[in-house]
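Take a look at the structure set out below.
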Amino acid sequence: MRAGLASVLIALAASSAAVSARADDRPRSCDVSAYLLTSDSPLPRVASAVKAGGPLNILVVGGRSSTISGAESEAYPAKLQAALREKLPTVPVNVSMELTPRKTAGDIAPSLGKLAEAKKSTLVVWQTGVVDAIRSVDVDDFREALDQGVTALQRAGTDIVLMNMQYSPRTETMVSMASYIDNMRIVAQQHDVPVFDRFTIMNQWNESGEFDLFSPVHGASLAKRVHSCLGRALSTFVIKTARINPAELGTRRR
Amino acid sequence: MPPVTDQVVAARTRAALASVTREAPVILIPTVPRERELRLDLFRGLALWLIFIDHLPPNLLSWLTIRNYGFSDATEIFIFISGYTAALVYGRAMRERGFVIAAARILKRVWQIYVAHIFLFTIFLAEVSYVASSFENPLYTEEMGILDFLKQPDVTIVQALLLKFRPVNMDVLPLYVALMLFFPPVLLVMQRKADLGLALSVGLYALTRWFDLALPAYPNGVWFFNPFAWQLLFVFGAWCALGGAKRMSRILSSSATLWICTAYLLFAFYTTLTWHVPQLNHLMPHIAEQWMYPIDKTNLDLLRFIHFLALAALAVRFLPGNWPGLASPWLRPLILCGQHSLQIFCIGVFLAFAGQFILAEYSGDTTTHFIISVCGILIMSAAAWVFSWYKRVAGKGGSRAKPADSDADLAGGGT
């Protein structure tokens with residue numbers, strides 16, 4: 001019995017080692033299913049800011065999964081700014097970052113409204129939930145905190161995009177994200193706020209072989225490539241959700 | 001023999017007797033050998049397979065698991081059947097040998113489940129420690145916060161022994177420990193008045209939902225499966241075993257039940273579909289969403305419970321106890337797994353860990369994933385076959401002196 005198990009494991013290891021010896025340096029397409037790059041919920045303030053020629057001030061509030069330590073300029077907020085400036089050349093775009101490491105949604109929610117006002121944000125991208133899931137905060141509390149935060153932001157007069165967790169296959173057995181993702185979606189539906197489904201997007205990349213997220217490789221190169229794709233995907237998400245047609249903008253200006 | 005026994009034995013042996021019973025039901029019943037209700041084993045085995053697949057990261061086979069097609073999942077099947085078999089086996093012990101003996105046997109079972117849980121926790125600890133020492137990807141700095149508990153092993157391990165610290169996917173056994181721990185008095189009540197027991201259980205469930213009763217967990221939050229809520233399914237299983245199923249048979253066979261169940265299952269299927277196909281989302285009425293969500297697994301949402309009832313009703317209807325397929329060699333692995341549920345459950349959790357490890361260390365592609373799932377199921381079946389073989393051989397070796405005891409433990413108490 002035990003010998004059988006061992007030989008099965010060895011056979012598996014051998015077969016999978018062969019498979020994993022695939023090329024890793026081909027160009028990244030960052031392909032994402034179209035439905036993940038838009039939402040039925042509106043971003044009216046972004047739309048009107050872009051129509052008026054800007055400025056478009058975006059504030060990203062998030063934990064350490066919203067940055068790469070030592071390479072902040074290559075994390076997705078910076079990439080989002082670059083991509084938006086490229087796609088909307090006539091609009092001044094500023095993306096700023098509020099790092100909230102080791103904070104749960106409940107820790108952040110009370111201060112969100114003031115933060116958005118101080119930064120005169122058009123749009124706040126609120127990335128949260130990882131710390132809540134790790135500390136297994138009661139999901140009802142998590143939902144209430146999200147509700148409170150979104151309400152405060154709406155009162156402060158900004159558009160909101162909620163962003164969920166990363167897909168992290170290594171820790172999948174150790175921390176359960178599902179109920180937090182569901183509850184974020186519920187709050188989003190109740191407030192008619194779009195969700196940028198980072199979890200599903202990264203899951204698709206992992207499934208399609210775009211990225212090997214299991215990779216135990218040290219160093220920041222994988223993180224940089226993933227963030228680059230995330231930044232681009234998020235820029236598309238904002239533009240499509242706000243129903244902006246970049247081509248139209250360009251011609252009108254000219 | 002008291003009349004209750006007849007009912008129970010009748011329920012248990014319906015499979016074997018169905019053809020004979022038509023001619024001479026009453027005379028035969030007391031003398032039949034203890035035949036197992038194979039459908040219980042079949043569905044419990046199925047639940048074990050599904051739990052194993054659900055514990056692996058999502059892959060091709062995950063689409064076969066029932067949680068993708070409705071509200072309830074394998075856990076419901078598992079807990080219900082556990083309640084059913086526990087009542088069957090320990091109910092008999094309580095009638096034949098008295099309350100104290102039966103309670104002692106139940107507590108022995110509790111101990112076995114507890115030890116199995118701690119064993120699995122040790123494996124989990126090894127896996128986590130390995131990941132903590134070998135894995136350092138800047139992409140997942142935040143997620144690695146989950147390993148912080150390793151910095152306080154003293155607290156963590158004590159909390160685990162108290163069943164308060166439970167890693168992901170290791171919530172079923174603590175729930176089962178809690179349910180079994182309180183089963184002796186429950187069974188005592190239900191032996192006298194099964195309906196009273198069920199009514200008390202429904203009452204506790206209602207109180208739980210109303211007052212948010214829960215058991216605290218470590219470091220935060222509450223037990224993932226709230227025992228105060230999930231006891232309803234367990235006690236309902238016991239109630240069915242103690243004659244409830246027989247009394248409901250008329251309701252179960254009516255065509256109105258069939259249509260209501262089918263309609264509800266379709267509704268649940270459609271709702272689940274909107275989760276997987278977000279394009280369908282706008283076809284879901286907003287009001288229905290607000291009313292329905294979140295569907296609470298922790299407190300056994302009523303939608304889940306009803307979904308399980310509907311599934312069970314259809315299963316009983318379309319899979320009669322004398323269904324010839326039960327003897328088919330193709331279903332044999334499932335039935336064998338169901339007959340050794342605690343062991344197979346533990347092996348399943350272990351294999352899920354091992355599978356994760358292979359996926360993480362070598363390759364996470366679809367083929368490997370599929371192979372791992374299939375191998376896992378084969379290993380579980382092979383292990384179950386070995387357990388059965390050993391039981392048969394050991395049985396021949398002369399342990400006939402105490403058939404009732406050994407039989408009861410294997411037959412059932414099972415998870």
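Residues are referred to by chain and number: the chain letter is A, B, ... according to the order shown in the structure tokens, the number counts from 1 in that chain, and ligands are numbered separately from 1 in the order shown.
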
Show me, as a PyMOL selection string, every residue of chain B with an atom at most 8 Å from chain A, counting only C-alpha atoms. chain B and resi 55+57+128+131+134-146+167-169+219-222+278-279+290+293-294+353+356+358-366+368+371-372+375+379+383

With N, CA and C atoms retained, write the just-selected residues as a compact mmCIF listing (two decimals), in the first residue's frame.
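The new file part-v2.txt reads:
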```txt
# COMPACT_ATOMS: atom_id res chain seq x y z
N HIS B 55 -11.42 19.86 -1.75
CA HIS B 55 -10.27 20.33 -0.99
C HIS B 55 -9.06 20.61 -1.88
N PRO B 57 -7.38 22.42 -5.21
CA PRO B 57 -7.74 23.65 -5.92
C PRO B 57 -8.72 23.32 -7.05
N VAL B 128 2.67 23.79 6.42
CA VAL B 128 2.78 25.24 6.57
C VAL B 128 4.21 25.64 6.92
N VAL B 131 6.30 25.57 3.84
CA VAL B 131 6.05 26.72 2.97
C VAL B 131 6.70 27.97 3.56
N SER B 134 10.46 27.91 2.93
CA SER B 134 11.02 27.74 1.59
C SER B 134 10.44 28.71 0.56
N PHE B 135 9.37 29.35 0.88
CA PHE B 135 8.66 30.11 -0.14
C PHE B 135 8.73 31.59 0.16
N GLU B 136 9.24 32.34 -0.79
CA GLU B 136 9.37 33.76 -0.52
C GLU B 136 9.19 34.51 -1.82
N ASN B 137 7.95 34.78 -2.16
CA ASN B 137 7.67 35.47 -3.41
C ASN B 137 7.13 36.85 -3.10
N PRO B 138 7.79 37.90 -3.57
CA PRO B 138 7.38 39.25 -3.22
C PRO B 138 5.93 39.54 -3.63
N LEU B 139 5.42 38.77 -4.59
CA LEU B 139 4.03 38.97 -5.02
C LEU B 139 3.07 38.69 -3.87
N TYR B 140 3.45 37.80 -2.99
CA TYR B 140 2.51 37.33 -1.96
C TYR B 140 2.95 37.69 -0.54
N THR B 141 3.62 38.82 -0.40
CA THR B 141 4.04 39.23 0.93
C THR B 141 2.85 39.29 1.88
N GLU B 142 1.77 39.84 1.40
CA GLU B 142 0.61 40.03 2.27
C GLU B 142 -0.01 38.70 2.66
N GLU B 143 -0.16 37.80 1.67
CA GLU B 143 -0.78 36.50 1.95
C GLU B 143 0.04 35.69 2.94
N MET B 144 1.35 35.90 2.93
CA MET B 144 2.20 35.12 3.83
C MET B 144 1.94 35.47 5.30
N GLY B 145 1.17 36.51 5.52
CA GLY B 145 0.78 36.86 6.88
C GLY B 145 0.06 35.71 7.58
N ILE B 146 -0.49 34.79 6.78
CA ILE B 146 -1.19 33.65 7.36
C ILE B 146 -0.23 32.79 8.18
N PRO B 167 -7.34 25.15 10.84
CA PRO B 167 -6.99 25.62 9.50
C PRO B 167 -8.14 25.38 8.52
N VAL B 168 -8.00 25.99 7.37
CA VAL B 168 -9.00 25.82 6.32
C VAL B 168 -9.19 24.33 6.01
N ASN B 169 -10.39 23.96 5.69
CA ASN B 169 -10.70 22.59 5.27
C ASN B 169 -10.59 21.58 6.40
N PRO B 219 -7.70 32.76 15.84
CA PRO B 219 -7.55 33.96 16.68
C PRO B 219 -8.76 34.88 16.64
N ASN B 220 -9.68 34.63 15.74
CA ASN B 220 -10.79 35.54 15.53
C ASN B 220 -12.01 34.77 15.11
N GLY B 221 -13.14 35.45 15.13
CA GLY B 221 -14.30 34.87 14.50
C GLY B 221 -14.90 33.71 15.27
N VAL B 222 -15.62 32.88 14.53
CA VAL B 222 -16.39 31.79 15.12
C VAL B 222 -16.10 30.50 14.36
N PRO B 278 -21.21 35.26 -15.17
CA PRO B 278 -21.61 36.58 -14.71
C PRO B 278 -22.48 37.32 -15.73
N GLN B 279 -22.41 36.90 -16.98
CA GLN B 279 -23.26 37.57 -17.98
C GLN B 279 -24.74 37.40 -17.67
N GLN B 290 -31.04 40.58 -2.97
CA GLN B 290 -30.96 41.21 -1.65
C GLN B 290 -31.53 40.29 -0.58
N TYR B 293 -28.98 36.67 -0.53
CA TYR B 293 -27.56 36.67 -0.20
C TYR B 293 -27.31 37.36 1.12
N PRO B 294 -26.27 37.01 1.86
CA PRO B 294 -25.40 35.88 1.58
C PRO B 294 -26.03 34.56 2.01
N PHE B 353 -3.68 17.44 0.91
CA PHE B 353 -2.44 18.14 1.25
C PHE B 353 -1.32 17.72 0.30
N GLN B 356 -1.79 19.13 -3.13
CA GLN B 356 -1.42 20.55 -3.13
C GLN B 356 0.08 20.70 -3.24
N ILE B 358 2.32 18.59 -4.44
CA ILE B 358 2.82 18.24 -5.78
C ILE B 358 2.53 19.37 -6.75
N LEU B 359 1.31 19.89 -6.69
CA LEU B 359 0.93 20.97 -7.59
C LEU B 359 1.85 22.17 -7.39
N ALA B 360 2.16 22.44 -6.12
CA ALA B 360 2.97 23.61 -5.83
C ALA B 360 4.42 23.39 -6.23
N GLU B 361 4.93 22.19 -5.96
CA GLU B 361 6.36 21.95 -6.17
C GLU B 361 6.71 21.71 -7.63
N TYR B 362 5.82 21.06 -8.36
CA TYR B 362 6.21 20.66 -9.70
C TYR B 362 5.46 21.42 -10.76
N SER B 363 4.16 21.25 -10.78
CA SER B 363 3.46 21.93 -11.85
C SER B 363 1.98 22.01 -11.50
N GLY B 364 1.39 23.13 -11.80
CA GLY B 364 -0.02 23.29 -11.47
C GLY B 364 -0.89 23.17 -12.70
N ASP B 365 -0.42 22.49 -13.74
CA ASP B 365 -1.23 22.49 -14.97
C ASP B 365 -2.39 21.50 -14.89
N THR B 366 -3.26 21.60 -15.85
CA THR B 366 -4.52 20.88 -15.80
C THR B 366 -4.34 19.37 -15.80
N THR B 368 -1.76 17.50 -14.70
CA THR B 368 -1.30 17.04 -13.39
C THR B 368 -2.45 17.05 -12.41
N ILE B 371 -4.71 14.17 -12.99
CA ILE B 371 -4.09 12.92 -12.56
C ILE B 371 -4.13 12.82 -11.03
N ILE B 372 -3.82 13.91 -10.38
CA ILE B 372 -3.82 13.90 -8.91
C ILE B 372 -5.21 13.57 -8.36
N CYS B 375 -5.90 9.84 -9.05
CA CYS B 375 -5.07 8.99 -8.19
C CYS B 375 -5.57 9.04 -6.75
N ILE B 379 -6.57 5.84 -4.63
CA ILE B 379 -5.90 5.49 -3.36
C ILE B 379 -6.94 5.33 -2.24
N ALA B 383 -7.52 1.89 -0.25
CA ALA B 383 -7.41 1.83 1.21
C ALA B 383 -8.68 1.26 1.81
```

For Ala109 (chain A), list every protein, DNA or RNA residue within 9 Å, evaluated using only C-alpha atoms, and leave out those in the same chain fewer than 5 positions away; present the list as a count of residues only. 8

Residues within 12 Å of Leu56 (chain A), please, as number ranges by chain. Count only C-alpha atoms; anything in the same chain fewer than 6 positions from it doesn't count. A: 45-50, 81, 84-85, 88-96, 119-124, 158-159, 238-239

Among region 110-166 of chain A, which ones does DSSP assign to helix (DSSP H, G or I) (computed from the backbone)? Answer as JSON, numbers by chain. {"A": [110, 111, 112, 113, 114, 115, 116, 117, 118, 130, 131, 132, 133, 134, 139, 140, 141, 142, 143, 144, 145, 146, 147, 148, 149, 150, 151, 152, 153, 154, 155]}

Can I get the selection written as an mmCIF file, in the first residue's frame, with C-alpha atoms?
```cif
data_model
loop_
_atom_site.group_PDB
_atom_site.id
_atom_site.type_symbol
_atom_site.label_atom_id
_atom_site.label_comp_id
_atom_site.auth_asym_id
_atom_site.auth_seq_id
_atom_site.Cartn_x
_atom_site.Cartn_y
_atom_site.Cartn_z
ATOM 1 C CA PRO A 110 -13.754 55.102 9.144
ATOM 2 C CA SER A 111 -10.950 57.168 7.630
ATOM 3 C CA LEU A 112 -11.788 56.601 3.958
ATOM 4 C CA GLY A 113 -14.170 59.517 3.500
ATOM 5 C CA LYS A 114 -11.717 62.110 4.807
ATOM 6 C CA LEU A 115 -8.883 60.606 2.829
ATOM 7 C CA ALA A 116 -10.801 60.870 -0.422
ATOM 8 C CA GLU A 117 -11.786 64.469 0.296
ATOM 9 C CA ALA A 118 -8.234 65.461 1.163
ATOM 10 C CA VAL A 130 -6.674 39.882 2.436
ATOM 11 C CA VAL A 131 -5.929 40.761 6.037
ATOM 12 C CA ASP A 132 -9.539 40.095 7.002
ATOM 13 C CA ALA A 133 -9.360 36.618 5.499
ATOM 14 C CA ILE A 134 -6.001 35.870 7.102
ATOM 15 C CA VAL A 139 -17.619 37.849 7.512
ATOM 16 C CA ASP A 140 -20.577 39.825 8.801
ATOM 17 C CA ASP A 141 -18.184 42.327 10.346
ATOM 18 C CA PHE A 142 -16.253 42.422 7.093
ATOM 19 C CA ARG A 143 -19.424 43.129 5.157
ATOM 20 C CA GLU A 144 -20.453 45.890 7.538
ATOM 21 C CA ALA A 145 -17.012 47.492 7.322
ATOM 22 C CA LEU A 146 -17.158 47.461 3.528
ATOM 23 C CA ASP A 147 -20.631 48.906 3.670
ATOM 24 C CA GLN A 148 -19.475 51.683 5.976
ATOM 25 C CA GLY A 149 -16.448 52.481 3.819
ATOM 26 C CA VAL A 150 -18.371 52.537 0.561
ATOM 27 C CA THR A 151 -21.086 54.695 2.084
ATOM 28 C CA ALA A 152 -18.480 57.174 3.351
ATOM 29 C CA LEU A 153 -16.806 57.338 -0.053
ATOM 30 C CA GLN A 154 -20.100 57.868 -1.834
ATOM 31 C CA ARG A 155 -20.898 60.681 0.588
#
```

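Note that CA of Leu233 (chain B) and CA of Pro216 (chain B) are 21.0 Å apart.
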
DSSP on the backbone, then: every residue of region 74-232 of chain A marked strand (DSSP E or B), written as a count of residues only. 19

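Near Gln127 (chain A), within 7 Å and counting only C-alpha atoms, sit A:Val61, A:Gly62, A:Leu162, A:Met163, A:Asn164; same-chain residues fewer than 3 positions away were not included.
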